[in-house]
Structures are given as structure tokens and as C-alpha cells.
Amino acid sequence: MTSSTPASTPPALVPPGNDEIDLRLLMEAIYLKYSYDFRDYTGASQKRRVTYALTQLGLSSVSALQEQVLREPTIFTRLLQYLTIPVSEMFRDPSYFLALRRQVVPVLHTYPSIKVWVAGCSTGEEVYSLAILLREEGLLDRSRIYATDINFASLDKARQGIFALDTLQKYTVNYQRAGGTRAFSDYYVAAYDAARFDPSLCANVIFADHSLATDSVFAETQLVSCRNVLIYFNRQLQDRALGLFHESLCHRGFLGLGSKESIDFSGYATRFDPLVRAERLFRKAS
């Protein structure tokens, strides 16, 4: 007599709690009303930023926030600043920029013209960092930098190139550790409590609204730098973004990610070769 093993019972699905449902409804409402897609941002990121927004806006619940967002476009404009909190600094992770100088720049020199995409450029610190690096390497005049973000207020700040004076000491140290060849103060003029960076650094920069969640590729590039953005995305949205980068990059083009980001478990793990793994620098494999 043959004994049979009873089929294993599938684990019961745990229904989402009310807080999670409220967050999903808010993100869906934002997408339907304003076409900004935060639905595939991680739940932890959504919760943290919305909780902060509730405090700043003086609202007691996510459902109250949703009602305000649907009725008052000005409330959404304010909310957008909290959903895309800019966190950046010039020459952040100096060893990354040093690796660019040593491993990527020699190849960029072989191109008659260069296109760079800074995806999720926030308030522009990385854009100016790359512009300074390219100028020092004699490449800026034949480069075009596409600086994109979904936060129009951040893009406006990036265009201005004005940064708080109290950040300059740290930025200077970062610049020196990144292999800077001049005095960092050569690149800006200080006045009162702010520093304005040389506008010529951005003469070939195009600042543009672009969403990695909904928009498509717009140019062929030799270098894509998207740092500390994917950590806020779920796996599906990470794969979508990596797909855009792969499509945008030319044959054997370069991809730079943030220090806590990886492609190892993505759908594009085999489509990029590690160039400097410790610095999250990759090269398009196919």
C-alpha cells in the first residue's frame, strides 16, 4: 500500500493593514491626478516621507492628506518636496569620482563628443561635481550633460548653482580626496551665506523633468550616473530604471550607482560587467 504525502498548505495571505491601504490609495491618487508615479517606491520610503509630510502640513491622517491633494494642487506641490527630499553633496563618496578619473575618463577621451546622464540629479551637487571633473580633464567643452529629476523645485535650485556656504568646507575636502587638481574656491564666488558656482560649468547642461517610473530614454549616452536613487525603489521599478540605463548607454558605456546599490539580483545582472565593484561602477556588457 502506497502512502501519500498530503499536499502542503499554501501560506495564508496576510491582508494589508489600514495604514498600508491608505498609503497605496494616496500614491494611486497622486498618479491619477498629477501623473507622478510613486507607486513602486518601497513601502518604508513612502511611509517615512508621508509621515514627515503630515507633520509639516499639520494634517492628522493619510486619508486627510489624500483629500487635500485631490482638492488643492498647491498642497500637492508642497507634498512633492517631501516625497522627493533632496539629499546630496558635492563629490559625495570621493573615491567614486576618483575611480571615474582613473577608469572612465581615459575612455571618454576617445569619443569626439560625450553625453552624460545624471538621473535623479536633485539640487545639482553631482552635476556640478561632474562638470568640474570633466573641465579638469579637458572634456567639458565637448560634453553635454543631461540632468534630470521629477522635482521641479530641485531642478530650479540646480540651475541656479547656489549652495550654502557652510557646506563648502566639506565639499572642499571631498573635492581634494576625489583627485581635484585646483583650488576648489576657483569654481565659486562667495557672498553672505551662499556660494554661487561658475555658470560656465553648466553651459552644456540640460536640466529636464524626467521620471524613471514613467518616461522613456531620450538620448544615447556614454556615462549614466544615478546614485542613491534606486534604494528608494522596489525591485520592479529598479529593473525598469536599469533597463532605461542599459538602453541609453552606447556600446560598452559606463554606469555609476550609489554606494549602497547593486545590480546583482536584478534582471540586468548579466548585462553589465563590474568595472570597479567597490565604487559601484559598471560597464555595459551587451
# chains A, B, ... in the order shown; residues from 1 in each chain; ligands from 1
$ residues_around --residues "region 139-152 of chain A" --least-positions-apart "6" --cutoff "8 Å" --atoms "only C-alpha atoms" --output "list in words"
Leu80, Gln81, Thr84, His109, Pro112, Ser113, Ile114, Lys115, Val116, Trp117, Val118, Ala119, Gly120, Cys121, Ser122, Gly124, Val127, Ala131, Asn204, Val205, Ile206, Phe207, Ala208, Asp209, His210 and Ser211 of chain A
$ select_by_dssp --residues "region 18-247 of chain A" --states "alpha helix (DSSP H)" --output "ChimeraX atom specification"
/A:18-34,43-57,62-71,73-83,94-99,105-108,125-136,152-160,168-177,235-247
$ closest_residue --among "A:Ala153, A:Glu89, A:Leu26, A:Asp19" --to "Thr77 (chain A)" --atoms "only C-alpha atoms"
A:Ala153
$ closest_residue --among "A:Leu257, A:Leu83, A:Leu57, A:Ala285" --to "Asn228 (chain A)" --atoms "only C-alpha atoms"
A:Leu257
$ atom_distance --atom1 "CA of Val224 (chain A)" --atom2 "CA of Arg102 (chain A)"
16.6 Å
$ select_by_dssp --residues "region 60-242 of chain A" --states "strand (DSSP E or B)" --output "NGL selection string"
:A and (114-119 or 143-149 or 162-164 or 188-191 or 194-197 or 205-209 or 221-226 or 233)
